[in-house]
Amino acid sequence: LRRELCAAVAAAPRGDLDGFYEMSRAAAFVRDGGFRKVALQFPDELLADAVEVAARLEAATGAEMYVLGDTTYGSCCVDEVAAEHVGAEALLHYGPACLSPCRKLPVLHIFGQQPLDVGRCVEAFRELFPERQSHVVVLSDVIYAHAMGELEQHLCPEYPNIIFSRLVCGDPPDPALPGEEWKFGRQFLVETPGGLQDYAMFYVGAEGLALTSFMLTWNCCPFSSFNPTTGCGRRETLNVNRALMRRLYLVERARDARVVGILVGTLGVAGYLTLLQHLRELLRRAGKRSYTLAVGKPNPAKLANFLEVDIFVLVACAQNSLLDSSDFYRPVVTPYELELACNPAREWTGNYLTDFRDLLPGACAHVELPPAVPAAEAVPDVSLITGEMRSTHLCDLPTSQLPPSTALACTDQTRTLMEISPAASFLESRSWRGLEQQLGQTPVSKAVQGRRGIAIAYEDEGCEQP
């Protein structure tokens, strides 16, 4: 391009950058850790401030700041892989976060202090809960966590049975204190014997994936919310039973599936590799073929390339795992739903799990696979969707009888070894296989002068006026 393009600098959405981005706390984190290279991760809506924030932090700390580009997966997850590309020693994560624990890098979460009208929120709470002895748990979006202390000072004297959740970044301590519960990066000190199920929930924040995940997880609790943007409080009318019926329908689809695609939707949440191994073993024991796919952010166009796959399971954080797959050619389920479909020992108890770490060995909701049952002794089962007979028992074939995921074979007389994948061999038979490199098949030619200008008017096209 011959024309010089000057990118317009967007005005900062907030006048007080130092307060909104907590510059002093971020600078102290970098200086105290002695970090020399730090990655800054912004969501798309805050990228306009990234250059100014990075410049101020470099001036305050003397460390090199690298602004990460488009995240591979959801912006709520810490992108440790992108940070490692620049050799970052720590990461500053800005904006909404799922608070999933990480393993590789020290991380400081800076949510951005969005304004909250505490007085109006108190009034909405009183209207929704006129009974002063109500048992209520107050949840909030992370961007309003800074105002929860002031809200607590107003409500606790009037409501003795109110509980405020505390944000905690990282793994909970082991063992937990009596009456202490941890969920979604939040700590709850519950005094009733029934736990959180005996409480009503009051959520401060807008509608979104976080609220949906909370409502499915605590589906026995009545939910109310206060939207700081509109200043309105309301009782949530989301038909949780209808949403659960949709998810249980997907479980039935997973039982019918023969080929399952495991979508890697995170590379930063701790334990995702353990879950991948667990899902592969679960599908192998259930007699289903599985393929692991890393496609970045899933969309219908990407997944439509794998028509042989009957259903996909998405390994992602708690907020991004509930993917609405109504526009997809094949359904997308969560790891918990796949467990319900393939693990005969796991039964539906009414408690929905969105955090895949609860399914791992040693976790609170882990269920061991039962012993294998011979096919002759298996109880027959009928699909509720197709009406056909299907097998639901677990098989335990020796590894030698199963098609290997990879194998070694000789390619020529010099005994050169190559790796053969059954999945790759199958895809090789397709008429379309994507971009082909054709190494060594393209003739070498000299570089020639190309067209100059922009697509709307190249130089050799002239500028004729009508």
# chains A, B, ... in the order shown; residues from 1 in each chain; ligands from 1
>>> residues_around(residues="A:Ser100", least_positions_apart="2", cutoff="12 Å", atoms="only C-alpha atoms", output="number ranges by chain")
A: 74, 76-79, 96-98, 102-103, 107, 109, 167-172, 183-186, 266-272, 316-320, 354-357
>>> residues_around(residues="stretch 226-238 of chain A", least_positions_apart="5", cutoff="9 Å", atoms="only C-alpha atoms", output="PyMOL selection string")
chain A and resi 115-117+120-121+123-125+127-128+144+202-207+212+215+243
>>> write_last_selection(atoms="N, CA and C atoms", output="compact mmCIF listing (two decimals), in the first residue's frame")
# COMPACT_ATOMS: atom_id res chain seq x y z
N PRO A 115 -18.91 1.48 37.66
CA PRO A 115 -19.69 2.19 38.70
C PRO A 115 -20.95 1.43 39.08
N LEU A 116 -21.30 1.50 40.37
CA LEU A 116 -22.51 0.87 40.90
C LEU A 116 -23.22 1.85 41.82
N ASP A 117 -24.48 2.08 41.56
CA ASP A 117 -25.30 2.92 42.43
C ASP A 117 -25.73 2.07 43.62
N ARG A 120 -29.34 2.69 45.06
CA ARG A 120 -30.42 2.10 44.26
C ARG A 120 -30.42 0.58 44.38
N CYS A 121 -29.24 -0.01 44.50
CA CYS A 121 -29.15 -1.47 44.66
C CYS A 121 -29.77 -1.89 45.99
N GLU A 123 -32.18 -0.31 47.60
CA GLU A 123 -33.63 -0.19 47.45
C GLU A 123 -34.22 -1.38 46.70
N ALA A 124 -33.54 -1.82 45.63
CA ALA A 124 -34.03 -2.97 44.87
C ALA A 124 -34.00 -4.24 45.72
N PHE A 125 -32.98 -4.39 46.55
CA PHE A 125 -32.90 -5.56 47.42
C PHE A 125 -34.06 -5.57 48.42
N GLU A 127 -36.97 -4.23 48.07
CA GLU A 127 -38.22 -4.53 47.37
C GLU A 127 -38.36 -6.02 47.06
N LEU A 128 -37.25 -6.65 46.72
CA LEU A 128 -37.28 -8.07 46.37
C LEU A 128 -37.36 -8.96 47.60
N TYR A 144 -18.06 -5.59 39.50
CA TYR A 144 -18.70 -4.82 40.58
C TYR A 144 -18.23 -5.28 41.95
N PHE A 202 -29.11 -13.47 45.15
CA PHE A 202 -29.25 -12.11 44.64
C PHE A 202 -27.98 -11.78 43.87
N TYR A 203 -28.12 -11.55 42.56
CA TYR A 203 -26.98 -11.34 41.68
C TYR A 203 -26.91 -9.88 41.24
N VAL A 204 -25.74 -9.29 41.39
CA VAL A 204 -25.50 -7.91 40.95
C VAL A 204 -24.71 -7.97 39.65
N GLY A 205 -25.37 -7.64 38.56
CA GLY A 205 -24.72 -7.69 37.26
C GLY A 205 -25.74 -7.86 36.17
N ALA A 206 -25.28 -7.76 34.94
CA ALA A 206 -26.17 -7.88 33.78
C ALA A 206 -26.35 -9.35 33.43
N GLU A 207 -27.33 -9.59 32.57
CA GLU A 207 -27.57 -10.94 32.08
C GLU A 207 -26.36 -11.41 31.29
N THR A 212 -26.23 -17.40 33.91
CA THR A 212 -26.80 -18.67 33.44
C THR A 212 -26.12 -19.85 34.11
N MET A 215 -27.35 -20.12 37.69
CA MET A 215 -28.73 -20.59 37.82
C MET A 215 -28.85 -22.08 37.53
N ALA A 243 -34.46 -25.18 30.44
CA ALA A 243 -33.05 -25.23 30.07
C ALA A 243 -32.44 -26.58 30.40
>>> select_by_dssp(residues="stretch 7-111 of chain A", states="helix (DSSP H, G or I)", output="MDAnalysis selection string")
chainID A and resid 17:20 23:33 44:61 80:85
>>> select_by_dssp(residues="stretch 147-212 of chain A", states="strand (DSSP E or B)", output="VMD selection string")
chain A and resid 162 to 164 166 to 167 180 to 183 186 to 189 200 to 204
>>> write_last_selection(atoms="N, CA and C atoms", output="PDB file, in the first residue's frame")
ATOM      1  N   ILE A 162     -27.914 -12.710  55.826  1.00  0.00           N
ATOM      2  CA  ILE A 162     -27.384 -12.471  54.489  1.00  0.00           C
ATOM      3  C   ILE A 162     -25.917 -12.907  54.438  1.00  0.00           C
ATOM      4  N   ILE A 163     -25.500 -13.439  53.290  1.00  0.00           N
ATOM      5  CA  ILE A 163     -24.119 -13.911  53.089  1.00  0.00           C
ATOM      6  C   ILE A 163     -23.576 -13.249  51.833  1.00  0.00           C
ATOM      7  N   PHE A 164     -22.403 -12.675  51.924  1.00  0.00           N
ATOM      8  CA  PHE A 164     -21.727 -12.092  50.767  1.00  0.00           C
ATOM      9  C   PHE A 164     -20.592 -13.017  50.334  1.00  0.00           C
ATOM     10  N   ARG A 166     -17.090 -14.046  48.530  1.00  0.00           N
ATOM     11  CA  ARG A 166     -15.784 -13.383  48.408  1.00  0.00           C
ATOM     12  C   ARG A 166     -15.054 -13.943  47.198  1.00  0.00           C
ATOM     13  N   LEU A 167     -14.483 -13.060  46.390  1.00  0.00           N
ATOM     14  CA  LEU A 167     -13.714 -13.509  45.239  1.00  0.00           C
ATOM     15  C   LEU A 167     -12.366 -14.026  45.704  1.00  0.00           C
ATOM     16  N   GLU A 180     -17.622 -23.871  55.064  1.00  0.00           N
ATOM     17  CA  GLU A 180     -17.016 -23.101  53.979  1.00  0.00           C
ATOM     18  C   GLU A 180     -17.224 -23.832  52.656  1.00  0.00           C
ATOM     19  N   GLU A 181     -17.720 -23.123  51.657  1.00  0.00           N
ATOM     20  CA  GLU A 181     -17.912 -23.688  50.328  1.00  0.00           C
ATOM     21  C   GLU A 181     -17.209 -22.809  49.310  1.00  0.00           C
ATOM     22  N   TRP A 182     -16.680 -23.466  48.267  1.00  0.00           N
ATOM     23  CA  TRP A 182     -15.958 -22.758  47.212  1.00  0.00           C
ATOM     24  C   TRP A 182     -16.585 -23.127  45.870  1.00  0.00           C
ATOM     25  N   LYS A 183     -16.876 -22.140  45.055  1.00  0.00           N
ATOM     26  CA  LYS A 183     -17.462 -22.389  43.747  1.00  0.00           C
ATOM     27  C   LYS A 183     -17.236 -21.171  42.867  1.00  0.00           C
ATOM     28  N   ARG A 186     -15.291 -18.279  44.098  1.00  0.00           N
ATOM     29  CA  ARG A 186     -15.930 -17.521  45.174  1.00  0.00           C
ATOM     30  C   ARG A 186     -16.001 -18.367  46.429  1.00  0.00           C
ATOM     31  N   GLN A 187     -15.897 -17.701  47.559  1.00  0.00           N
ATOM     32  CA  GLN A 187     -15.939 -18.366  48.860  1.00  0.00           C
ATOM     33  C   GLN A 187     -17.248 -18.001  49.554  1.00  0.00           C
ATOM     34  N   PHE A 188     -17.902 -19.030  50.140  1.00  0.00           N
ATOM     35  CA  PHE A 188     -19.161 -18.841  50.857  1.00  0.00           C
ATOM     36  C   PHE A 188     -19.015 -19.426  52.255  1.00  0.00           C
ATOM     37  N   LEU A 189     -19.384 -18.655  53.261  1.00  0.00           N
ATOM     38  CA  LEU A 189     -19.425 -19.134  54.635  1.00  0.00           C
ATOM     39  C   LEU A 189     -20.886 -19.374  54.996  1.00  0.00           C
ATOM     40  N   ALA A 200     -31.788 -18.074  49.018  1.00  0.00           N
ATOM     41  CA  ALA A 200     -32.119 -17.406  47.764  1.00  0.00           C
ATOM     42  C   ALA A 200     -30.871 -16.669  47.279  1.00  0.00           C
ATOM     43  N   MET A 201     -30.788 -16.441  45.975  1.00  0.00           N
ATOM     44  CA  MET A 201     -29.614 -15.823  45.377  1.00  0.00           C
ATOM     45  C   MET A 201     -29.964 -14.433  44.845  1.00  0.00           C
ATOM     46  N   PHE A 202     -29.107 -13.468  45.146  1.00  0.00           N
ATOM     47  CA  PHE A 202     -29.251 -12.107  44.642  1.00  0.00           C
ATOM     48  C   PHE A 202     -27.981 -11.777  43.871  1.00  0.00           C
ATOM     49  N   TYR A 203     -28.123 -11.546  42.559  1.00  0.00           N
ATOM     50  CA  TYR A 203     -26.975 -11.344  41.679  1.00  0.00           C
ATOM     51  C   TYR A 203     -26.906  -9.885  41.243  1.00  0.00           C
ATOM     52  N   VAL A 204     -25.741  -9.286  41.386  1.00  0.00           N
ATOM     53  CA  VAL A 204     -25.501  -7.911  40.954  1.00  0.00           C
ATOM     54  C   VAL A 204     -24.712  -7.972  39.650  1.00  0.00           C
TER      55      VAL A 204
END
>>> closest_residue(among="A:Leu99, A:Leu275, A:Cys342, A:Leu91", to="A:Arg258", atoms="only C-alpha atoms")
A:Cys342
>>> residues_around(residues="stretch 384-390 of chain A", least_positions_apart="6", cutoff="8 Å", atoms="only C-alpha atoms", output="list in words")
Glu252, Arg253 and Asp256 of chain A
>>> write_last_selection(atoms="N, CA and C atoms", output="PDB file, in the first residue's frame")
ATOM      1  N   GLU A 252     -29.043 -37.445  25.898  1.00  0.00           N
ATOM      2  CA  GLU A 252     -29.581 -38.565  25.131  1.00  0.00           C
ATOM      3  C   GLU A 252     -28.930 -38.646  23.754  1.00  0.00           C
ATOM      4  N   ARG A 253     -28.664 -37.500  23.137  1.00  0.00           N
ATOM      5  CA  ARG A 253     -27.955 -37.504  21.854  1.00  0.00           C
ATOM      6  C   ARG A 253     -26.547 -38.060  22.011  1.00  0.00           C
ATOM      7  N   ASP A 256     -26.510 -41.819  21.992  1.00  0.00           N
ATOM      8  CA  ASP A 256     -26.669 -42.401  20.657  1.00  0.00           C
ATOM      9  C   ASP A 256     -25.423 -42.251  19.795  1.00  0.00           C
TER      10      ASP A 256
END
>>> atom_distance(atom1="atom CA of A:Ala210", atom2="atom CA of A:Val333")
17.5 Å
>>> residues_around(residues="A:Arg289", least_positions_apart="4", cutoff="7 Å", atoms="only C-alpha atoms", output="PyMOL selection string")
chain A and resi 258-260+283-284
>>> write_last_selection(atoms="C-alpha atoms", output="PDB file, in the first residue's frame")
ATOM      1  CA  ARG A 258     -20.778 -43.340  17.926  1.00  0.00           C
ATOM      2  CA  VAL A 259     -18.115 -40.792  16.947  1.00  0.00           C
ATOM      3  CA  VAL A 260     -17.324 -38.005  19.416  1.00  0.00           C
ATOM      4  CA  LEU A 283     -15.302 -42.966  25.424  1.00  0.00           C
ATOM      5  CA  ARG A 284     -13.037 -45.947  24.795  1.00  0.00           C
TER       6      ARG A 284
END
>>> closest_residue(among="A:Val81, A:Val67, A:Ile143, A:Leu323", to="A:Phe42", atoms="only C-alpha atoms")
A:Val67
>>> residues_around(residues="A:Asp324", least_positions_apart="4", cutoff="12 Å", atoms="only C-alpha atoms", output="list in words")
Leu209, Thr212, Ala243, Arg246, Arg247, Leu250, Pro298, Asn299, Pro300, Leu314, Gln319, Asn320, Phe328, Tyr329, Arg330, Pro331, Val332, Val333 and Thr334 of chain A
>>> write_last_selection(atoms="all heavy atoms", output="compact mmCIF listing (two decimals), in the first residue's frame")
# COMPACT_ATOMS: atom_id res chain seq x y z
N LEU A 209 -23.42 -15.12 30.56
CA LEU A 209 -23.05 -16.51 30.78
C LEU A 209 -22.83 -16.82 32.26
O LEU A 209 -23.13 -17.92 32.71
CB LEU A 209 -21.77 -16.83 29.99
CG LEU A 209 -21.91 -16.83 28.47
CD1 LEU A 209 -20.55 -17.03 27.81
CD2 LEU A 209 -22.87 -17.91 28.02
N THR A 212 -26.23 -17.40 33.91
CA THR A 212 -26.80 -18.67 33.44
C THR A 212 -26.12 -19.85 34.11
O THR A 212 -26.77 -20.82 34.53
CB THR A 212 -26.66 -18.78 31.92
OG1 THR A 212 -27.31 -17.66 31.30
CG2 THR A 212 -27.29 -20.06 31.41
N ALA A 243 -34.46 -25.18 30.44
CA ALA A 243 -33.05 -25.23 30.07
C ALA A 243 -32.44 -26.58 30.40
O ALA A 243 -31.66 -27.14 29.62
CB ALA A 243 -32.28 -24.11 30.78
N ARG A 246 -33.45 -29.19 27.91
CA ARG A 246 -32.64 -29.10 26.69
C ARG A 246 -31.29 -29.77 26.89
O ARG A 246 -30.82 -30.51 26.02
CB ARG A 246 -32.45 -27.62 26.33
CG ARG A 246 -31.38 -27.35 25.27
CD ARG A 246 -31.73 -27.94 23.94
NE ARG A 246 -30.68 -27.70 22.96
CZ ARG A 246 -30.63 -28.27 21.77
NH1 ARG A 246 -31.56 -29.14 21.41
NH2 ARG A 246 -29.65 -27.99 20.93
N ARG A 247 -30.68 -29.55 28.06
CA ARG A 247 -29.38 -30.18 28.32
C ARG A 247 -29.51 -31.70 28.44
O ARG A 247 -28.65 -32.45 27.96
CB ARG A 247 -28.76 -29.60 29.59
CG ARG A 247 -28.63 -28.10 29.67
CD ARG A 247 -28.00 -27.46 28.47
NE ARG A 247 -26.67 -27.96 28.13
CZ ARG A 247 -25.88 -27.41 27.22
NH1 ARG A 247 -26.29 -26.35 26.54
NH2 ARG A 247 -24.69 -27.92 26.95
N LEU A 250 -29.61 -33.30 25.13
CA LEU A 250 -28.27 -33.45 24.57
C LEU A 250 -27.57 -34.66 25.16
O LEU A 250 -26.75 -35.30 24.49
CB LEU A 250 -27.46 -32.18 24.81
CG LEU A 250 -27.97 -30.91 24.13
CD1 LEU A 250 -27.07 -29.73 24.44
CD2 LEU A 250 -28.07 -31.11 22.62
N PRO A 298 -14.85 -22.25 18.69
CA PRO A 298 -15.70 -23.03 17.78
C PRO A 298 -16.81 -22.19 17.18
O PRO A 298 -17.38 -21.32 17.84
CB PRO A 298 -16.26 -24.13 18.69
CG PRO A 298 -16.20 -23.56 20.07
CD PRO A 298 -15.01 -22.65 20.09
N ASN A 299 -17.10 -22.44 15.92
CA ASN A 299 -18.24 -21.83 15.24
C ASN A 299 -18.81 -22.84 14.26
O ASN A 299 -18.17 -23.85 13.96
CB ASN A 299 -17.85 -20.51 14.55
CG ASN A 299 -16.75 -20.70 13.52
OD1 ASN A 299 -16.80 -21.59 12.68
ND2 ASN A 299 -15.73 -19.85 13.58
N PRO A 300 -20.01 -22.63 13.76
CA PRO A 300 -20.63 -23.63 12.88
C PRO A 300 -19.80 -23.96 11.65
O PRO A 300 -19.76 -25.12 11.22
CB PRO A 300 -21.97 -22.98 12.50
CG PRO A 300 -22.28 -22.06 13.64
CD PRO A 300 -20.96 -21.55 14.10
N LEU A 314 -17.15 -30.03 24.57
CA LEU A 314 -16.30 -28.85 24.67
C LEU A 314 -15.63 -28.81 26.04
O LEU A 314 -16.30 -28.78 27.07
CB LEU A 314 -17.12 -27.58 24.46
CG LEU A 314 -16.38 -26.24 24.58
CD1 LEU A 314 -15.26 -26.15 23.56
CD2 LEU A 314 -17.34 -25.07 24.42
N GLN A 319 -17.73 -20.86 32.39
CA GLN A 319 -18.61 -19.90 31.71
C GLN A 319 -18.74 -20.20 30.22
O GLN A 319 -19.80 -19.99 29.63
CB GLN A 319 -18.08 -18.48 31.90
CG GLN A 319 -18.21 -17.97 33.32
CD GLN A 319 -17.89 -16.49 33.44
OE1 GLN A 319 -17.90 -15.75 32.46
NE2 GLN A 319 -17.59 -16.04 34.65
N ASN A 320 -17.69 -20.70 29.58
CA ASN A 320 -17.72 -20.92 28.14
C ASN A 320 -18.15 -22.32 27.74
O ASN A 320 -18.31 -22.60 26.55
CB ASN A 320 -16.33 -20.65 27.54
CG ASN A 320 -15.98 -19.17 27.55
OD1 ASN A 320 -16.85 -18.32 27.43
ND2 ASN A 320 -14.71 -18.87 27.74
N PHE A 328 -25.46 -25.03 15.19
CA PHE A 328 -24.44 -25.95 14.73
C PHE A 328 -25.09 -27.16 14.05
O PHE A 328 -26.24 -27.51 14.32
CB PHE A 328 -23.57 -26.43 15.89
CG PHE A 328 -22.66 -25.36 16.45
CD1 PHE A 328 -23.15 -24.30 17.19
CD2 PHE A 328 -21.29 -25.41 16.23
CE1 PHE A 328 -22.33 -23.32 17.70
CE2 PHE A 328 -20.45 -24.44 16.73
CZ PHE A 328 -20.97 -23.39 17.47
N TYR A 329 -24.32 -27.83 13.18
CA TYR A 329 -24.82 -29.02 12.50
C TYR A 329 -24.85 -30.22 13.45
O TYR A 329 -25.63 -31.16 13.23
CB TYR A 329 -23.95 -29.34 11.28
CG TYR A 329 -24.08 -28.33 10.18
CD1 TYR A 329 -23.18 -27.26 10.07
CD2 TYR A 329 -25.11 -28.40 9.26
CE1 TYR A 329 -23.30 -26.32 9.07
CE2 TYR A 329 -25.24 -27.46 8.25
CZ TYR A 329 -24.33 -26.43 8.16
OH TYR A 329 -24.46 -25.49 7.16
N ARG A 330 -24.02 -30.22 14.44
CA ARG A 330 -23.98 -31.29 15.43
C ARG A 330 -24.03 -30.67 16.82
O ARG A 330 -23.50 -29.58 17.04
CB ARG A 330 -22.70 -32.13 15.29
CG ARG A 330 -22.59 -32.90 13.98
CD ARG A 330 -23.59 -34.04 13.93
NE ARG A 330 -23.40 -34.86 12.73
CZ ARG A 330 -24.04 -34.70 11.59
NH1 ARG A 330 -24.92 -33.71 11.48
NH2 ARG A 330 -23.82 -35.48 10.56
N PRO A 331 -24.66 -31.33 17.79
CA PRO A 331 -24.75 -30.76 19.14
C PRO A 331 -23.38 -30.67 19.81
O PRO A 331 -22.46 -31.42 19.49
CB PRO A 331 -25.67 -31.75 19.87
CG PRO A 331 -26.35 -32.55 18.81
CD PRO A 331 -25.41 -32.60 17.66
N VAL A 332 -23.28 -29.75 20.75
CA VAL A 332 -22.07 -29.58 21.55
C VAL A 332 -22.47 -29.70 23.01
O VAL A 332 -23.31 -28.95 23.50
CB VAL A 332 -21.41 -28.20 21.30
CG1 VAL A 332 -20.12 -28.08 22.12
CG2 VAL A 332 -21.11 -28.00 19.82
N VAL A 333 -21.88 -30.67 23.71
CA VAL A 333 -22.23 -30.95 25.11
C VAL A 333 -21.07 -30.58 26.00
O VAL A 333 -19.95 -30.30 25.55
CB VAL A 333 -22.62 -32.43 25.30
CG1 VAL A 333 -23.80 -32.79 24.42
CG2 VAL A 333 -21.44 -33.35 25.00
N THR A 334 -21.31 -30.59 27.30
CA THR A 334 -20.28 -30.34 28.30
C THR A 334 -19.70 -31.67 28.78
O THR A 334 -20.31 -32.73 28.58
CB THR A 334 -20.87 -29.58 29.50
OG1 THR A 334 -21.81 -30.43 30.17
CG2 THR A 334 -21.58 -28.32 29.04
>>> closest_residue(among="A:Pro344, A:Gly350, A:Pro193, A:Pro443", to="A:Leu394", atoms="only C-alpha atoms")
A:Pro344
>>> residues_around(residues="A:Tyr94", least_positions_apart="3", cutoff="8 Å", atoms="only C-alpha atoms", output="PyMOL selection string")
chain A and resi 21+40-43+97+109-112
>>> atom_distance(atom1="atom CA of A:Tyr291", atom2="atom CA of A:Arg255")
16.6 Å
>>> atom_distance(atom1="atom CA of A:Val315", atom2="atom CA of A:Ala294")
10.3 Å
